[in-house]
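Asks: Next comes the structure file structure.pdb, holding PDB, N, CA, C and O atoms.
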ATOM      1  N   MET Z 133      -2.194  14.842  53.318  1.00  0.00           N
ATOM      2  CA  MET Z 133      -1.243  13.979  53.982  1.00  0.00           C
ATOM      3  C   MET Z 133       0.185  14.341  53.529  1.00  0.00           C
ATOM      4  O   MET Z 133       1.053  14.553  54.364  1.00  0.00           O
ATOM      5  N   PHE Z 134       0.377  14.408  52.243  1.00  0.00           N
ATOM      6  CA  PHE Z 134       1.683  14.744  51.667  1.00  0.00           C
ATOM      7  C   PHE Z 134       2.133  16.118  52.159  1.00  0.00           C
ATOM      8  O   PHE Z 134       3.255  16.278  52.639  1.00  0.00           O
ATOM      9  N   ASP Z 135       1.246  17.105  52.059  1.00  0.00           N
ATOM     10  CA  ASP Z 135       1.586  18.467  52.479  1.00  0.00           C
ATOM     11  C   ASP Z 135       1.870  18.543  53.975  1.00  0.00           C
ATOM     12  O   ASP Z 135       2.772  19.267  54.405  1.00  0.00           O
ATOM     13  N   THR Z 136       1.124  17.787  54.768  1.00  0.00           N
ATOM     14  CA  THR Z 136       1.343  17.788  56.210  1.00  0.00           C
ATOM     15  C   THR Z 136       2.705  17.194  56.540  1.00  0.00           C
ATOM     16  O   THR Z 136       3.441  17.730  57.377  1.00  0.00           O
ATOM     17  N   MET Z 137       3.056  16.102  55.875  1.00  0.00           N
ATOM     18  CA  MET Z 137       4.375  15.506  56.110  1.00  0.00           C
ATOM     19  C   MET Z 137       5.479  16.502  55.792  1.00  0.00           C
ATOM     20  O   MET Z 137       6.422  16.661  56.562  1.00  0.00           O
ATOM     21  N   LEU Z 138       5.333  17.166  54.674  1.00  0.00           N
ATOM     22  CA  LEU Z 138       6.367  18.137  54.296  1.00  0.00           C
ATOM     23  C   LEU Z 138       6.397  19.330  55.242  1.00  0.00           C
ATOM     24  O   LEU Z 138       7.470  19.825  55.575  1.00  0.00           O
ATOM     25  N   SER Z 139       5.234  19.775  55.689  1.00  0.00           N
ATOM     26  CA  SER Z 139       5.214  20.939  56.592  1.00  0.00           C
ATOM     27  C   SER Z 139       5.855  20.615  57.938  1.00  0.00           C
ATOM     28  O   SER Z 139       6.337  21.510  58.625  1.00  0.00           O
ATOM     29  N   ARG Z 140       5.879  19.344  58.312  1.00  0.00           N
ATOM     30  CA  ARG Z 140       6.495  18.928  59.574  1.00  0.00           C
ATOM     31  C   ARG Z 140       7.941  18.491  59.399  1.00  0.00           C
ATOM     32  O   ARG Z 140       8.594  18.089  60.364  1.00  0.00           O
ATOM     33  N   THR Z 141       8.429  18.580  58.182  1.00  0.00           N
ATOM     34  CA  THR Z 141       9.834  18.285  57.885  1.00  0.00           C
ATOM     35  C   THR Z 141      10.638  19.556  58.128  1.00  0.00           C
ATOM     36  O   THR Z 141      10.198  20.649  57.763  1.00  0.00           O
ATOM     37  N   PRO Z 142      11.806  19.463  58.751  1.00  0.00           N
ATOM     38  CA  PRO Z 142      12.623  20.670  58.964  1.00  0.00           C
ATOM     39  C   PRO Z 142      12.850  21.414  57.650  1.00  0.00           C
ATOM     40  O   PRO Z 142      13.091  20.801  56.611  1.00  0.00           O
ATOM     41  N   TRP Z 143      12.783  22.728  57.723  1.00  0.00           N
ATOM     42  CA  TRP Z 143      12.836  23.554  56.521  1.00  0.00           C
ATOM     43  C   TRP Z 143      14.086  23.306  55.684  1.00  0.00           C
ATOM     44  O   TRP Z 143      14.046  23.363  54.462  1.00  0.00           O
ATOM     45  N   PHE Z 144      15.202  22.999  56.340  1.00  0.00           N
ATOM     46  CA  PHE Z 144      16.467  22.869  55.610  1.00  0.00           C
ATOM     47  C   PHE Z 144      16.596  21.567  54.821  1.00  0.00           C
ATOM     48  O   PHE Z 144      17.508  21.437  54.010  1.00  0.00           O
ATOM     49  N   VAL Z 145      15.693  20.620  55.025  1.00  0.00           N
ATOM     50  CA  VAL Z 145      15.688  19.396  54.220  1.00  0.00           C
ATOM     51  C   VAL Z 145      14.357  19.186  53.498  1.00  0.00           C
ATOM     52  O   VAL Z 145      14.151  18.175  52.843  1.00  0.00           O
ATOM     53  N   ARG Z 146      13.466  20.155  53.619  1.00  0.00           N
ATOM     54  CA  ARG Z 146      12.119  20.006  53.063  1.00  0.00           C
ATOM     55  C   ARG Z 146      12.129  19.801  51.545  1.00  0.00           C
ATOM     56  O   ARG Z 146      11.429  18.936  51.032  1.00  0.00           O
ATOM     57  N   GLU Z 147      12.934  20.556  50.824  1.00  0.00           N
ATOM     58  CA  GLU Z 147      12.957  20.408  49.364  1.00  0.00           C
ATOM     59  C   GLU Z 147      13.543  19.062  48.950  1.00  0.00           C
ATOM     60  O   GLU Z 147      13.049  18.432  48.014  1.00  0.00           O
ATOM     61  N   LYS Z 148      14.547  18.603  49.665  1.00  0.00           N
ATOM     62  CA  LYS Z 148      15.111  17.279  49.387  1.00  0.00           C
ATOM     63  C   LYS Z 148      14.066  16.194  49.660  1.00  0.00           C
ATOM     64  O   LYS Z 148      13.928  15.237  48.892  1.00  0.00           O
ATOM     65  N   ALA Z 149      13.318  16.346  50.747  1.00  0.00           N
ATOM     66  CA  ALA Z 149      12.260  15.383  51.086  1.00  0.00           C
ATOM     67  C   ALA Z 149      11.174  15.396  50.012  1.00  0.00           C
ATOM     68  O   ALA Z 149      10.691  14.340  49.600  1.00  0.00           O
ATOM     69  N   ARG Z 150      10.789  16.584  49.558  1.00  0.00           N
ATOM     70  CA  ARG Z 150       9.757  16.700  48.516  1.00  0.00           C
ATOM     71  C   ARG Z 150      10.210  15.985  47.241  1.00  0.00           C
ATOM     72  O   ARG Z 150       9.456  15.224  46.634  1.00  0.00           O
ATOM     73  N   THR Z 151      11.447  16.213  46.848  1.00  0.00           N
ATOM     74  CA  THR Z 151      11.987  15.592  45.640  1.00  0.00           C
ATOM     75  C   THR Z 151      12.014  14.066  45.775  1.00  0.00           C
ATOM     76  O   THR Z 151      11.602  13.350  44.855  1.00  0.00           O
ATOM     77  N   ALA Z 152      12.461  13.574  46.923  1.00  0.00           N
ATOM     78  CA  ALA Z 152      12.533  12.126  47.143  1.00  0.00           C
ATOM     79  C   ALA Z 152      11.140  11.508  47.156  1.00  0.00           C
ATOM     80  O   ALA Z 152      10.915  10.446  46.558  1.00  0.00           O
ATOM     81  N   MET Z 153      10.199  12.169  47.823  1.00  0.00           N
ATOM     82  CA  MET Z 153       8.837  11.632  47.886  1.00  0.00           C
ATOM     83  C   MET Z 153       8.181  11.641  46.504  1.00  0.00           C
ATOM     84  O   MET Z 153       7.507  10.682  46.129  1.00  0.00           O
ATOM     85  N   ASN Z 154       8.372  12.708  45.756  1.00  0.00           N
ATOM     86  CA  ASN Z 154       7.799  12.769  44.404  1.00  0.00           C
ATOM     87  C   ASN Z 154       8.368  11.658  43.516  1.00  0.00           C
ATOM     88  O   ASN Z 154       7.637  11.047  42.729  1.00  0.00           O
ATOM     89  N   ALA Z 155       9.664  11.407  43.637  1.00  0.00           N
ATOM     90  CA  ALA Z 155      10.279  10.333  42.848  1.00  0.00           C
ATOM     91  C   ALA Z 155       9.715   8.973  43.252  1.00  0.00           C
ATOM     92  O   ALA Z 155       9.421   8.134  42.390  1.00  0.00           O
ATOM     93  N   ALA Z 156       9.546   8.753  44.555  1.00  0.00           N
ATOM     94  CA  ALA Z 156       8.986   7.480  45.029  1.00  0.00           C
ATOM     95  C   ALA Z 156       7.534   7.331  44.583  1.00  0.00           C
ATOM     96  O   ALA Z 156       7.107   6.242  44.194  1.00  0.00           O
ATOM     97  N   ILE Z 157       6.774   8.411  44.621  1.00  0.00           N
ATOM     98  CA  ILE Z 157       5.385   8.366  44.154  1.00  0.00           C
ATOM     99  C   ILE Z 157       5.341   7.991  42.681  1.00  0.00           C
ATOM    100  O   ILE Z 157       4.548   7.137  42.270  1.00  0.00           O
ATOM    101  N   ALA Z 158       6.196   8.598  41.887  1.00  0.00           N
ATOM    102  CA  ALA Z 158       6.224   8.297  40.453  1.00  0.00           C
ATOM    103  C   ALA Z 158       6.585   6.833  40.204  1.00  0.00           C
ATOM    104  O   ALA Z 158       6.050   6.202  39.286  1.00  0.00           O
ATOM    105  N   GLU Z 159       7.455   6.299  41.024  1.00  0.00           N
ATOM    106  CA  GLU Z 159       7.883   4.913  40.854  1.00  0.00           C
ATOM    107  C   GLU Z 159       6.828   3.916  41.344  1.00  0.00           C
ATOM    108  O   GLU Z 159       6.579   2.897  40.698  1.00  0.00           O
ATOM    109  N   ILE Z 160       6.217   4.200  42.466  1.00  0.00           N
ATOM    110  CA  ILE Z 160       5.282   3.267  43.094  1.00  0.00           C
ATOM    111  C   ILE Z 160       3.873   3.367  42.529  1.00  0.00           C
ATOM    112  O   ILE Z 160       3.197   2.365  42.338  1.00  0.00           O
ATOM    113  N   CYS Z 161       3.423   4.575  42.267  1.00  0.00           N
ATOM    114  CA  CYS Z 161       2.014   4.819  41.932  1.00  0.00           C
ATOM    115  C   CYS Z 161       1.824   5.063  40.445  1.00  0.00           C
ATOM    116  O   CYS Z 161       1.419   6.148  40.023  1.00  0.00           O
ATOM    117  N   ARG Z 162       2.064   4.080  39.667  1.00  0.00           N
ATOM    118  CA  ARG Z 162       1.951   4.216  38.213  1.00  0.00           C
ATOM    119  C   ARG Z 162       0.500   4.311  37.752  1.00  0.00           C
ATOM    120  O   ARG Z 162       0.221   4.715  36.644  1.00  0.00           O
ATOM    121  N   HIS Z 163      -0.425   3.948  38.621  1.00  0.00           N
ATOM    122  CA  HIS Z 163      -1.848   3.977  38.279  1.00  0.00           C
ATOM    123  C   HIS Z 163      -2.476   5.357  38.492  1.00  0.00           C
ATOM    124  O   HIS Z 163      -3.653   5.535  38.219  1.00  0.00           O
ATOM    125  N   GLY Z 164      -1.704   6.325  39.012  1.00  0.00           N
ATOM    126  CA  GLY Z 164      -2.191   7.693  39.159  1.00  0.00           C
ATOM    127  C   GLY Z 164      -2.886   8.010  40.468  1.00  0.00           C
ATOM    128  O   GLY Z 164      -3.247   9.142  40.714  1.00  0.00           O
ATOM    129  N   ILE Z 165      -3.070   7.007  41.312  1.00  0.00           N
ATOM    130  CA  ILE Z 165      -3.714   7.220  42.603  1.00  0.00           C
ATOM    131  C   ILE Z 165      -2.751   6.777  43.696  1.00  0.00           C
ATOM    132  O   ILE Z 165      -2.189   5.686  43.631  1.00  0.00           O
ATOM    133  N   VAL Z 166      -2.569   7.631  44.703  1.00  0.00           N
ATOM    134  CA  VAL Z 166      -1.701   7.290  45.823  1.00  0.00           C
ATOM    135  C   VAL Z 166      -2.594   6.816  46.967  1.00  0.00           C
ATOM    136  O   VAL Z 166      -3.417   7.571  47.477  1.00  0.00           O
ATOM    137  N   THR Z 167      -2.443   5.574  47.342  1.00  0.00           N
ATOM    138  CA  THR Z 167      -3.242   5.022  48.430  1.00  0.00           C
ATOM    139  C   THR Z 167      -2.497   5.160  49.757  1.00  0.00           C
ATOM    140  O   THR Z 167      -1.293   5.469  49.779  1.00  0.00           O
ATOM    141  N   GLU Z 168      -3.205   4.909  50.837  1.00  0.00           N
ATOM    142  CA  GLU Z 168      -2.560   4.939  52.149  1.00  0.00           C
ATOM    143  C   GLU Z 168      -1.443   3.905  52.212  1.00  0.00           C
ATOM    144  O   GLU Z 168      -0.368   4.172  52.736  1.00  0.00           O
ATOM    145  N   GLN Z 169      -1.690   2.734  51.656  1.00  0.00           N
ATOM    146  CA  GLN Z 169      -0.665   1.688  51.650  1.00  0.00           C
ATOM    147  C   GLN Z 169       0.568   2.146  50.860  1.00  0.00           C
ATOM    148  O   GLN Z 169       1.700   1.869  51.256  1.00  0.00           O
ATOM    149  N   ASP Z 170       0.335   2.858  49.760  1.00  0.00           N
ATOM    150  CA  ASP Z 170       1.455   3.412  48.990  1.00  0.00           C
ATOM    151  C   ASP Z 170       2.266   4.385  49.848  1.00  0.00           C
ATOM    152  O   ASP Z 170       3.498   4.405  49.792  1.00  0.00           O
ATOM    153  N   MET Z 171       1.569   5.197  50.646  1.00  0.00           N
ATOM    154  CA  MET Z 171       2.263   6.180  51.474  1.00  0.00           C
ATOM    155  C   MET Z 171       3.182   5.506  52.490  1.00  0.00           C
ATOM    156  O   MET Z 171       4.272   6.008  52.755  1.00  0.00           O
ATOM    157  N   TYR Z 172       2.754   4.374  53.043  1.00  0.00           N
ATOM    158  CA  TYR Z 172       3.640   3.656  53.955  1.00  0.00           C
ATOM    159  C   TYR Z 172       4.929   3.250  53.234  1.00  0.00           C
ATOM    160  O   TYR Z 172       6.026   3.400  53.770  1.00  0.00           O
ATOM    161  N   GLU Z 173       4.807   2.752  52.026  1.00  0.00           N
ATOM    162  CA  GLU Z 173       5.984   2.348  51.248  1.00  0.00           C
ATOM    163  C   GLU Z 173       6.845   3.556  50.891  1.00  0.00           C
ATOM    164  O   GLU Z 173       8.079   3.492  50.945  1.00  0.00           O
ATOM    165  N   ILE Z 174       6.212   4.648  50.533  1.00  0.00           N
ATOM    166  CA  ILE Z 174       6.944   5.879  50.196  1.00  0.00           C
ATOM    167  C   ILE Z 174       7.747   6.359  51.398  1.00  0.00           C
ATOM    168  O   ILE Z 174       8.924   6.716  51.273  1.00  0.00           O
ATOM    169  N   VAL Z 175       7.122   6.362  52.566  1.00  0.00           N
ATOM    170  CA  VAL Z 175       7.827   6.778  53.789  1.00  0.00           C
ATOM    171  C   VAL Z 175       8.995   5.838  54.073  1.00  0.00           C
ATOM    172  O   VAL Z 175      10.104   6.297  54.388  1.00  0.00           O
ATOM    173  N   LYS Z 176       8.786   4.542  53.939  1.00  0.00           N
ATOM    174  CA  LYS Z 176       9.870   3.582  54.182  1.00  0.00           C
ATOM    175  C   LYS Z 176      11.055   3.837  53.262  1.00  0.00           C
ATOM    176  O   LYS Z 176      12.210   3.700  53.670  1.00  0.00           O
ATOM    177  N   ARG Z 177      10.772   4.221  52.029  1.00  0.00           N
ATOM    178  CA  ARG Z 177      11.850   4.435  51.041  1.00  0.00           C
ATOM    179  C   ARG Z 177      12.543   5.780  51.192  1.00  0.00           C
ATOM    180  O   ARG Z 177      13.695   5.926  50.796  1.00  0.00           O
ATOM    181  N   THR Z 178      11.847   6.782  51.713  1.00  0.00           N
ATOM    182  CA  THR Z 178      12.385   8.148  51.656  1.00  0.00           C
ATOM    183  C   THR Z 178      12.715   8.771  53.000  1.00  0.00           C
ATOM    184  O   THR Z 178      13.361   9.815  53.032  1.00  0.00           O
ATOM    185  N   THR Z 179      12.297   8.167  54.082  1.00  0.00           N
ATOM    186  CA  THR Z 179      12.457   8.778  55.403  1.00  0.00           C
ATOM    187  C   THR Z 179      13.472   7.998  56.226  1.00  0.00           C
ATOM    188  O   THR Z 179      13.391   6.768  56.288  1.00  0.00           O
ATOM    189  N   PRO Z 180      14.405   8.690  56.872  1.00  0.00           N
ATOM    190  CA  PRO Z 180      15.340   7.986  57.753  1.00  0.00           C
ATOM    191  C   PRO Z 180      14.556   7.199  58.815  1.00  0.00           C
ATOM    192  O   PRO Z 180      13.536   7.672  59.328  1.00  0.00           O
ATOM    193  N   SER Z 181      15.024   6.018  59.127  1.00  0.00           N
ATOM    194  CA  SER Z 181      14.281   5.114  60.006  1.00  0.00           C
ATOM    195  C   SER Z 181      13.943   5.731  61.362  1.00  0.00           C
ATOM    196  O   SER Z 181      12.882   5.443  61.913  1.00  0.00           O
ATOM    197  N   ILE Z 182      14.791   6.596  61.888  1.00  0.00           N
ATOM    198  CA  ILE Z 182      14.504   7.182  63.203  1.00  0.00           C
ATOM    199  C   ILE Z 182      13.321   8.151  63.165  1.00  0.00           C
ATOM    200  O   ILE Z 182      12.757   8.459  64.213  1.00  0.00           O
ATOM    201  N   PHE Z 183      12.928   8.605  61.973  1.00  0.00           N
ATOM    202  CA  PHE Z 183      11.804   9.534  61.845  1.00  0.00           C
ATOM    203  C   PHE Z 183      10.552   8.894  61.245  1.00  0.00           C
ATOM    204  O   PHE Z 183       9.516   9.555  61.127  1.00  0.00           O
ATOM    205  N   GLN Z 184      10.628   7.653  60.845  1.00  0.00           N
ATOM    206  CA  GLN Z 184       9.495   7.016  60.177  1.00  0.00           C
ATOM    207  C   GLN Z 184       8.247   6.964  61.047  1.00  0.00           C
ATOM    208  O   GLN Z 184       7.142   7.156  60.545  1.00  0.00           O
ATOM    209  N   SER Z 185       8.391   6.740  62.325  1.00  0.00           N
ATOM    210  CA  SER Z 185       7.203   6.644  63.192  1.00  0.00           C
ATOM    211  C   SER Z 185       6.406   7.938  63.186  1.00  0.00           C
ATOM    212  O   SER Z 185       5.175   7.914  63.241  1.00  0.00           O
ATOM    213  N   LYS Z 186       7.076   9.073  63.091  1.00  0.00           N
ATOM    214  CA  LYS Z 186       6.361  10.356  63.022  1.00  0.00           C
ATOM    215  C   LYS Z 186       5.574  10.463  61.719  1.00  0.00           C
ATOM    216  O   LYS Z 186       4.447  10.947  61.711  1.00  0.00           O
ATOM    217  N   SER Z 187       6.157  10.003  60.631  1.00  0.00           N
ATOM    218  CA  SER Z 187       5.449  10.031  59.348  1.00  0.00           C
ATOM    219  C   SER Z 187       4.292   9.040  59.343  1.00  0.00           C
ATOM    220  O   SER Z 187       3.212   9.339  58.818  1.00  0.00           O
ATOM    221  N   PHE Z 188       4.496   7.873  59.944  1.00  0.00           N
ATOM    222  CA  PHE Z 188       3.405   6.899  60.026  1.00  0.00           C
ATOM    223  C   PHE Z 188       2.245   7.460  60.850  1.00  0.00           C
ATOM    224  O   PHE Z 188       1.086   7.210  60.535  1.00  0.00           O
ATOM    225  N   ALA Z 189       2.556   8.232  61.882  1.00  0.00           N
ATOM    226  CA  ALA Z 189       1.502   8.849  62.696  1.00  0.00           C
ATOM    227  C   ALA Z 189       0.676   9.829  61.863  1.00  0.00           C
ATOM    228  O   ALA Z 189      -0.548   9.918  62.026  1.00  0.00           O
ATOM    229  N   ILE Z 190       1.314  10.542  60.950  1.00  0.00           N
ATOM    230  CA  ILE Z 190       0.588  11.461  60.064  1.00  0.00           C
ATOM    231  C   ILE Z 190      -0.330  10.672  59.143  1.00  0.00           C
ATOM    232  O   ILE Z 190      -1.480  11.059  58.930  1.00  0.00           O
ATOM    233  N   ILE Z 191       0.143   9.559  58.614  1.00  0.00           N
ATOM    234  CA  ILE Z 191      -0.705   8.715  57.766  1.00  0.00           C
ATOM    235  C   ILE Z 191      -1.924   8.265  58.566  1.00  0.00           C
ATOM    236  O   ILE Z 191      -3.047   8.306  58.066  1.00  0.00           O
ATOM    237  N   GLU Z 192      -1.705   7.868  59.798  1.00  0.00           N
ATOM    238  CA  GLU Z 192      -2.815   7.420  60.647  1.00  0.00           C
ATOM    239  C   GLU Z 192      -3.835   8.542  60.885  1.00  0.00           C
ATOM    240  O   GLU Z 192      -5.031   8.297  60.922  1.00  0.00           O
ATOM    241  N   GLU Z 193      -3.359   9.781  61.024  1.00  0.00           N
ATOM    242  CA  GLU Z 193      -4.260  10.935  61.212  1.00  0.00           C
ATOM    243  C   GLU Z 193      -5.238  11.065  60.037  1.00  0.00           C
ATOM    244  O   GLU Z 193      -6.379  11.442  60.222  1.00  0.00           O
ATOM    245  N   TYR Z 194      -4.748  10.807  58.848  1.00  0.00           N
ATOM    246  CA  TYR Z 194      -5.524  11.009  57.633  1.00  0.00           C
ATOM    247  C   TYR Z 194      -6.164   9.731  57.090  1.00  0.00           C
ATOM    248  O   TYR Z 194      -6.832   9.770  56.070  1.00  0.00           O
ATOM    249  N   LYS Z 195      -5.928   8.631  57.756  1.00  0.00           N
ATOM    250  CA  LYS Z 195      -6.404   7.344  57.263  1.00  0.00           C
ATOM    251  C   LYS Z 195      -7.928   7.323  57.164  1.00  0.00           C
ATOM    252  O   LYS Z 195      -8.637   7.741  58.060  1.00  0.00           O
ATOM    253  N   SER Z 196      -8.423   6.820  56.053  1.00  0.00           N
ATOM    254  CA  SER Z 196      -9.867   6.707  55.879  1.00  0.00           C
ATOM    255  C   SER Z 196     -10.373   5.505  56.667  1.00  0.00           C
ATOM    256  O   SER Z 196      -9.640   4.555  56.908  1.00  0.00           O
ATOM    257  N   VAL Z 197     -11.609   5.589  57.027  1.00  0.00           N
ATOM    258  CA  VAL Z 197     -12.199   4.531  57.864  1.00  0.00           C
ATOM    259  C   VAL Z 197     -12.742   3.407  57.043  1.00  0.00           C
ATOM    260  O   VAL Z 197     -13.171   3.459  55.984  1.00  0.00           O
TER     261      VAL Z 197
END
As structure tokens, how would this structure be written, given the file I've shared?
Replies:
Amino acid sequence: MFDTMLSRTPWFVREKARTAMNAAIAEICRHGIVTEQDMYEIVKRTTPSIFQSKSFAIIEEYKSV
């Protein structure tokens, strides 16, 4: 999920996105496991609002049943 989001991020901001997402993961996921619910929060914190729906769609692609 994480890798897919980054691969769909424009190349010129991909490293900035990776850094922001890693920082949000470290802040949110102190228990060592990133859940789907955590990913929604990470996207909300790190993704410009006009692009959030695309990231949410990626989460939905990988969502466990």
Asks: Could you jot down the atom N of Z:Thr178 to atom CA of Z:Ser196 separation for me, Å, one decimal place?
Replies: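 Straight-line distance from atom N of Z:Thr178 to atom CA of Z:Ser196 works out to 22.1 Å.
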Asks: Scan for residues within 10 Å of the point (-4.6, 8.4, 55.0) in the coordinates of the file, using only C-alpha atoms, and reply as a ChimeraX atom specification.
Replies: /Z:133-134,166-172,188-197
Asks: Enclose stretch 145-148 of chain Z, meaning all of its atoms listed in the file, in a box aligned along x, y and z, pad it by 8 Å on each side, and list the centre and edge lengths in Å to one decimal, as lines of an AutoDock Vina configuration file.
Replies:
center_x = 13.6
center_y = 17.9
center_z = 51.5
size_x = 20.3
size_y = 21.4
size_z = 23.0
Asks: Go through chain Z and collect every residue that DSSP, computed from the backbone, puts in helix (DSSP H, G or I); the answer should be as a PyMOL selection string.
Replies: chain Z and resi 134-139+143-160+168-178+181-194
Asks: Kindly assemble as a Markdown table a list of the stretch 175-196 of chain Z residues that lie within 8 Å of stretch 149-164 of chain Z, each paired with its nearest atom pair and their distance in Å to one decimal, using all atoms listed in the file, sorted first by chain and then by ascending residue number.
Replies:
| residue | atom | partner | partner_atom | distance |
| --- | --- | --- | --- | --- |
| Z:Val175 | N | Z:Met153 | CA | 7.3 |
| Z:Arg177 | C | Z:Ala152 | O | 6.8 |
| Z:Thr178 | CA | Z:Ala152 | C | 5.8 |
| Z:Thr179 | N | Z:Met153 | N | 7.7 |
Asks: Figure out the distance between atom CA of Z:Ser187 and atom CA of Z:Ile165, please, to one decimal in Å.
Replies: 19.3 Å
Asks: So the first atom is atom CA of Z:Glu173 and the second is atom N of Z:Pro142; what is the distance between them in Å, to one decimal place?
Replies: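 Computing the Euclidean distance for atom CA of Z:Glu173 and atom N of Z:Pro142 yields 19.6 Å.
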